[in-house]
Amino acid sequence: MRDDVRWGVGGPAAGGSDEAQRRRHRRSSQREVAVSSTPPTPRRRAPLHVVQLLGGGGVGTGAHVRSLSAGLAARGLAVTVGAAGSAERRYGFASAGARFVPLPVDASLAAVRLLRLACADADLVHAHGIRAGLLATLALRGRSVPLVVTWHARATAPGPAAQLRPLTERLVARAATVVLGATSDLVQRARQRGARDARLAPVALPAPRRSAHADRMAEAHRTKLRADLGALDRPLLVAATRPTRDPGRDPGLDLLLNAARYWRDRLPQPLLALAADGRDRALLRRIERGHLPVRLLAPGEEPTELLPIADLALLVARWAGRPPLVDEALRRGVPLVATAVGGVPEVVGDAGVLVPYGKPAALGSAVNALLDDPDRRAALAVAGPAQARRWPTEDTTVAQVLSVYDELTSGR
């Protein structure tokens, strides 16, 4: 056979010797194998986009959403926060690394459309509170986006809205992929309302930032502050009730005033400082006629601001999750008496005295017992900060929520 036929056009002169041709063939084959065995470069996934929706919740809920948004953004998630415009001014979500979208948190058609646009590319929506959960339920109708709803509180106010409350809770509970309850009783309530998946997820509040200088200043002004209140040589009790729209019909305030009768005859007479409407003439007349040792705080003055100089802290509420007064009192080591409702027993543990709601005699007796027992007060002053150190931190809260997100979006 001719060489030009065996090697093709040009014969051996074009391709070189047999050995050279074989070497080139081997190198070419090796390159083909190397190229075919190189794994394709993976396409980078976009960061998980989570929409946090804040309803008309209290200070604790807003602080939690801000803390959660900051933690999620720090872990690489894209976070959008939807809330009333005033919420951004109060909490600074943008400075926490989130994109803020102002929107009315109600069930209006405009609010539903705005939220639907904000959630257009969302991988998950997390609503905080029943009102926010209802809006998210309406905005996500027809979409397969997972919905997480955190129940932070339980509404107890009477009125026309109370009749619709069970229906709204049932609608939100059944629409949510997962319901996170801030307290055990809220988890149980969600299950009763038909939640497919309800879990306990305690909410961590940011610890108040206090400098040593501020504490020294508080100590330096302790005598003056107590003198201004009229509690220089008498026990000072600082109390908080759950706010209502009608202070004149505040059952917590009524309970406190009735309980004050049980310690008004002590010597020295304890002074009860509480937040209430000082312009309510009926309230003022009741205090005066009953000779009750009560001092109403000025408008805008918070009971928590008086804890550095308080001897006892009192929380009276029909329901509460983790009230700021309880949080701050235990952190500071102020002996606490609180109604055993909602999440209060879980937060307080053995670091405070718990009494049943609606029993002024029990509240009055608990206060008198603590005032008579300095050793018990000293023990509670130590137990409070120790209990606070056992609470979930902001980091553990973020980690728990993030694990839920990962579970619901693992297949995206």
# chains A, B, ... in the order shown; residues from 1 in each chain; ligands from 1
>>> select_by_dssp(residues="region 56-140 of chain A", states="strand (DSSP E or B)", output="PyMOL selection string")
chain A and resi 78-83+99-102+124-128
>>> write_last_selection(atoms="all heavy atoms", output="tab-separated table (two decimals), in the first residue's frame")
chain	number	residue	atom	x	y	z
A	78	ALA	N	-30.15	38.27	51.78
A	78	ALA	CA	-30.73	39.54	51.34
A	78	ALA	C	-32.04	39.73	52.09
A	78	ALA	O	-32.94	38.90	52.00
A	78	ALA	CB	-30.98	39.51	49.83
A	79	VAL	N	-32.12	40.81	52.86
A	79	VAL	CA	-33.26	41.02	53.76
A	79	VAL	C	-34.01	42.27	53.35
A	79	VAL	O	-33.41	43.34	53.16
A	79	VAL	CB	-32.80	41.16	55.22
A	79	VAL	CG1	-34.01	41.34	56.15
A	79	VAL	CG2	-32.00	39.93	55.65
A	80	THR	N	-35.32	42.14	53.20
A	80	THR	CA	-36.20	43.29	52.97
A	80	THR	C	-37.15	43.37	54.15
A	80	THR	O	-37.72	42.36	54.56
A	80	THR	CB	-37.01	43.12	51.67
A	80	THR	OG1	-36.11	43.09	50.56
A	80	THR	CG2	-37.99	44.29	51.49
A	81	VAL	N	-37.31	44.56	54.70
A	81	VAL	CA	-38.24	44.77	55.81
A	81	VAL	C	-39.37	45.66	55.33
A	81	VAL	O	-39.14	46.75	54.81
A	81	VAL	CB	-37.55	45.43	57.03
A	81	VAL	CG1	-38.57	45.72	58.13
A	81	VAL	CG2	-36.45	44.53	57.57
A	82	GLY	N	-40.59	45.19	55.50
A	82	GLY	CA	-41.77	45.98	55.17
A	82	GLY	C	-42.49	46.38	56.44
A	82	GLY	O	-42.81	45.52	57.28
A	83	ALA	N	-42.72	47.67	56.62
A	83	ALA	CA	-43.37	48.17	57.83
A	83	ALA	C	-43.78	49.61	57.59
A	83	ALA	O	-43.47	50.20	56.55
A	83	ALA	CB	-42.43	48.08	59.04
A	99	ARG	N	-32.98	46.14	53.28
A	99	ARG	CA	-33.68	47.11	52.43
A	99	ARG	C	-35.04	47.37	53.04
A	99	ARG	O	-35.77	46.43	53.36
A	99	ARG	CB	-33.84	46.54	51.01
A	99	ARG	CG	-34.56	47.50	50.04
A	99	ARG	CD	-34.52	46.91	48.63
A	99	ARG	NE	-35.39	45.75	48.50
A	99	ARG	CZ	-36.62	45.78	47.97
A	99	ARG	NH1	-37.13	46.93	47.55
A	99	ARG	NH2	-37.32	44.67	47.88
A	100	PHE	N	-35.38	48.64	53.23
A	100	PHE	CA	-36.65	48.97	53.88
A	100	PHE	C	-37.68	49.42	52.85
A	100	PHE	O	-37.38	50.23	51.97
A	100	PHE	CB	-36.46	50.09	54.91
A	100	PHE	CG	-37.73	50.45	55.62
A	100	PHE	CD1	-38.26	49.62	56.60
A	100	PHE	CD2	-38.42	51.61	55.28
A	100	PHE	CE1	-39.45	49.94	57.23
A	100	PHE	CE2	-39.61	51.94	55.91
A	100	PHE	CZ	-40.12	51.10	56.89
A	101	VAL	N	-38.88	48.85	52.97
A	101	VAL	CA	-39.99	49.20	52.09
A	101	VAL	C	-41.14	49.71	52.95
A	101	VAL	O	-41.73	48.92	53.71
A	101	VAL	CB	-40.46	48.00	51.26
A	101	VAL	CG1	-41.67	48.36	50.41
A	101	VAL	CG2	-39.33	47.48	50.38
A	102	PRO	N	-41.48	51.00	52.89
A	102	PRO	CA	-42.61	51.50	53.69
A	102	PRO	C	-43.93	51.04	53.09
A	102	PRO	O	-44.13	51.13	51.88
A	102	PRO	CB	-42.46	53.02	53.59
A	102	PRO	CG	-41.71	53.26	52.32
A	102	PRO	CD	-40.81	52.07	52.13
A	124	LEU	N	-38.70	33.55	50.73
A	124	LEU	CA	-39.45	33.24	51.94
A	124	LEU	C	-39.95	34.55	52.53
A	124	LEU	O	-39.27	35.58	52.46
A	124	LEU	CB	-38.56	32.50	52.94
A	124	LEU	CG	-39.19	32.04	54.26
A	124	LEU	CD1	-38.58	30.68	54.69
A	124	LEU	CD2	-38.93	33.05	55.38
A	125	VAL	N	-41.13	34.52	53.14
A	125	VAL	CA	-41.70	35.69	53.81
A	125	VAL	C	-41.89	35.33	55.28
A	125	VAL	O	-42.42	34.26	55.61
A	125	VAL	CB	-43.04	36.11	53.18
A	125	VAL	CG1	-43.66	37.28	53.97
A	125	VAL	CG2	-42.82	36.52	51.73
A	126	HIS	N	-41.46	36.22	56.16
A	126	HIS	CA	-41.58	36.02	57.60
A	126	HIS	C	-42.37	37.18	58.18
A	126	HIS	O	-41.91	38.31	58.23
A	126	HIS	CB	-40.18	35.96	58.24
A	126	HIS	CG	-40.20	35.53	59.67
A	126	HIS	ND1	-39.06	35.11	60.33
A	126	HIS	CD2	-41.20	35.45	60.60
A	126	HIS	CE1	-39.36	34.80	61.58
A	126	HIS	NE2	-40.66	35.01	61.76
A	127	ALA	N	-43.60	36.90	58.60
A	127	ALA	CA	-44.49	37.92	59.15
A	127	ALA	C	-44.44	37.84	60.68
A	127	ALA	O	-44.42	36.76	61.26
A	127	ALA	CB	-45.92	37.72	58.66
A	128	HIS	N	-44.46	39.01	61.31
A	128	HIS	CA	-44.38	39.09	62.77
A	128	HIS	C	-45.69	39.67	63.30
A	128	HIS	O	-45.97	40.86	63.15
A	128	HIS	CB	-43.19	39.95	63.19
A	128	HIS	CG	-41.87	39.36	62.77
A	128	HIS	ND1	-41.13	38.57	63.61
A	128	HIS	CD2	-41.19	39.42	61.59
A	128	HIS	CE1	-40.03	38.17	62.97
A	128	HIS	NE2	-40.05	38.68	61.75
>>> closest_atom_pairs(of="region 334-390 of chain A", to="region 304-321 of chain A", cutoff="7 Å", atoms="only C-alpha atoms", output="Markdown table")
| residue | atom | partner | partner_atom | distance |
| --- | --- | --- | --- | --- |
| A:Val334 | CA | A:Leu312 | CA | 6.0 |
| A:Pro335 | CA | A:Leu312 | CA | 5.1 |
| A:Leu336 | CA | A:Ala313 | CA | 4.8 |
| A:Val337 | CA | A:Leu314 | CA | 5.0 |
| A:Ala338 | CA | A:Leu315 | CA | 4.6 |
| A:Thr339 | CA | A:Val316 | CA | 5.6 |
| A:Val341 | CA | A:Trp319 | CA | 5.2 |
| A:Gly342 | CA | A:Ala320 | CA | 5.2 |
| A:Gly343 | CA | A:Gly321 | CA | 4.4 |
| A:Val344 | CA | A:Gly321 | CA | 6.0 |
| A:Tyr357 | CA | A:Arg318 | CA | 6.3 |
>>> residues_around(residues="Leu402 (chain A)", least_positions_apart="2", cutoff="10 Å", atoms="only C-alpha atoms", output="PyMOL selection string")
chain A and resi 68+71-72+75+77+396-400+404-408
>>> write_last_selection(atoms="all heavy atoms", output="tab-separated table (two decimals), in the first residue's frame")
chain	number	residue	atom	x	y	z
A	68	LEU	N	-33.04	40.52	64.27
A	68	LEU	CA	-33.07	39.39	63.35
A	68	LEU	C	-32.58	39.80	61.97
A	68	LEU	O	-31.79	39.08	61.33
A	68	LEU	CB	-34.49	38.84	63.27
A	68	LEU	CG	-34.73	37.61	62.41
A	68	LEU	CD1	-33.89	36.44	62.90
A	68	LEU	CD2	-36.20	37.23	62.42
A	71	GLY	N	-28.80	40.15	62.01
A	71	GLY	CA	-28.13	38.86	62.06
A	71	GLY	C	-28.19	38.11	60.75
A	71	GLY	O	-27.21	37.48	60.33
A	72	LEU	N	-29.34	38.16	60.08
A	72	LEU	CA	-29.48	37.47	58.80
A	72	LEU	C	-28.63	38.13	57.72
A	72	LEU	O	-27.99	37.45	56.91
A	72	LEU	CB	-30.95	37.46	58.38
A	72	LEU	CG	-31.90	36.66	59.27
A	72	LEU	CD1	-33.34	36.87	58.82
A	72	LEU	CD2	-31.56	35.17	59.25
A	75	ARG	N	-25.09	37.20	57.90
A	75	ARG	CA	-24.84	35.83	57.45
A	75	ARG	C	-25.03	35.68	55.94
A	75	ARG	O	-25.07	34.56	55.43
A	75	ARG	CB	-25.75	34.87	58.21
A	75	ARG	CG	-25.31	34.67	59.67
A	75	ARG	CD	-26.44	34.08	60.49
A	75	ARG	NE	-26.03	33.73	61.85
A	75	ARG	CZ	-25.89	34.60	62.85
A	75	ARG	NH1	-26.10	35.90	62.62
A	75	ARG	NH2	-25.51	34.20	64.05
A	77	LEU	N	-27.64	36.82	53.89
A	77	LEU	CA	-28.97	36.82	53.29
A	77	LEU	C	-29.33	38.22	52.80
A	77	LEU	O	-28.86	39.22	53.35
A	77	LEU	CB	-30.02	36.34	54.30
A	77	LEU	CG	-30.21	34.83	54.46
A	77	LEU	CD1	-29.00	34.19	55.11
A	77	LEU	CD2	-31.46	34.52	55.26
A	396	THR	N	-28.30	33.04	69.15
A	396	THR	CA	-29.00	31.76	69.13
A	396	THR	C	-30.39	31.91	68.50
A	396	THR	O	-30.88	30.99	67.85
A	396	THR	CB	-29.13	31.19	70.55
A	396	THR	OG1	-29.80	32.14	71.41
A	396	THR	CG2	-27.76	30.88	71.14
A	397	THR	N	-31.01	33.06	68.71
A	397	THR	CA	-32.31	33.30	68.08
A	397	THR	C	-32.19	33.33	66.57
A	397	THR	O	-32.99	32.72	65.84
A	397	THR	CB	-32.91	34.61	68.59
A	397	THR	OG1	-33.09	34.53	70.01
A	397	THR	CG2	-34.25	34.89	67.93
A	398	VAL	N	-31.19	34.05	66.07
A	398	VAL	CA	-30.97	34.12	64.62
A	398	VAL	C	-30.67	32.73	64.07
A	398	VAL	O	-31.18	32.34	63.01
A	398	VAL	CB	-29.83	35.10	64.29
A	398	VAL	CG1	-29.48	35.04	62.80
A	398	VAL	CG2	-30.23	36.53	64.65
A	399	ALA	N	-29.83	31.96	64.78
A	399	ALA	CA	-29.47	30.62	64.31
A	399	ALA	C	-30.71	29.72	64.24
A	399	ALA	O	-30.86	28.93	63.29
A	399	ALA	CB	-28.42	30.02	65.23
A	400	GLN	N	-31.58	29.81	65.21
A	400	GLN	CA	-32.78	28.98	65.20
A	400	GLN	C	-33.69	29.34	64.03
A	400	GLN	O	-34.20	28.46	63.33
A	400	GLN	CB	-33.54	29.12	66.51
A	400	GLN	CG	-34.79	28.25	66.58
A	400	GLN	CD	-35.59	28.45	67.85
A	400	GLN	OE1	-35.40	29.43	68.57
A	400	GLN	NE2	-36.49	27.53	68.15
A	404	VAL	N	-34.79	27.18	60.37
A	404	VAL	CA	-36.13	27.02	59.80
A	404	VAL	C	-36.14	27.45	58.34
A	404	VAL	O	-36.70	26.76	57.46
A	404	VAL	CB	-37.17	27.81	60.62
A	404	VAL	CG1	-38.55	27.73	59.97
A	404	VAL	CG2	-37.24	27.30	62.06
A	405	TYR	N	-35.49	28.57	58.04
A	405	TYR	CA	-35.41	29.04	56.66
A	405	TYR	C	-34.74	28.00	55.77
A	405	TYR	O	-35.20	27.71	54.66
A	405	TYR	CB	-34.61	30.35	56.57
A	405	TYR	CG	-35.25	31.55	57.21
A	405	TYR	CD1	-34.57	32.77	57.26
A	405	TYR	CD2	-36.53	31.50	57.78
A	405	TYR	CE1	-35.14	33.89	57.83
A	405	TYR	CE2	-37.11	32.61	58.35
A	405	TYR	CZ	-36.39	33.81	58.38
A	405	TYR	OH	-36.95	34.93	58.96
A	406	ASP	N	-33.61	27.44	56.24
A	406	ASP	CA	-32.88	26.44	55.45
A	406	ASP	C	-33.75	25.22	55.17
A	406	ASP	O	-33.74	24.66	54.07
A	406	ASP	CB	-31.62	26.01	56.20
A	406	ASP	CG	-30.54	27.09	56.23
A	406	ASP	OD1	-30.62	28.00	55.40
A	406	ASP	OD2	-29.65	27.01	57.08
A	407	GLU	N	-34.51	24.83	56.18
A	407	GLU	CA	-35.40	23.68	56.03
A	407	GLU	C	-36.45	23.91	54.95
A	407	GLU	O	-36.77	23.02	54.16
A	407	GLU	CB	-36.06	23.39	57.37
A	407	GLU	CG	-37.07	22.28	57.36
A	407	GLU	CD	-37.80	22.15	58.70
A	407	GLU	OE1	-37.24	22.58	59.74
A	407	GLU	OE2	-38.94	21.63	58.71
A	408	LEU	N	-36.99	25.14	54.91
A	408	LEU	CA	-38.09	25.44	53.99
A	408	LEU	C	-37.62	25.80	52.58
A	408	LEU	O	-38.43	25.78	51.65
A	408	LEU	CB	-38.94	26.58	54.55
A	408	LEU	CG	-39.61	26.33	55.91
A	408	LEU	CD1	-40.45	27.52	56.32
A	408	LEU	CD2	-40.45	25.06	55.88
>>> closest_residue(among="A:Leu271, A:Ala381, A:Leu48, A:Leu363", to="Gly252 (chain A)", atoms="only C-alpha atoms")
A:Leu363
>>> atom_distance(atom1="CA of Arg193 (chain A)", atom2="CA of Val401 (chain A)")
22.0 Å
>>> closest_residue(among="A:Ser184, A:Gly290, A:Glu394, A:Leu253", to="Val347 (chain A)", atoms="only C-alpha atoms")
A:Ser184
>>> select_by_dssp(residues="region 150-386 of chain A", states="helix (DSSP H, G or I)", output="VMD selection string")
chain A and resid 160 to 175 184 to 192 212 to 220 222 to 229 247 to 249 251 to 260 281 to 289 303 to 309 324 to 332 344 to 348 360 to 371 374 to 386
>>> residues_around(residues="region 254-260 of chain A", least_positions_apart="3", cutoff="6 Å", atoms="only C-alpha atoms", output="number ranges by chain")
A: 251, 263, 360, 364
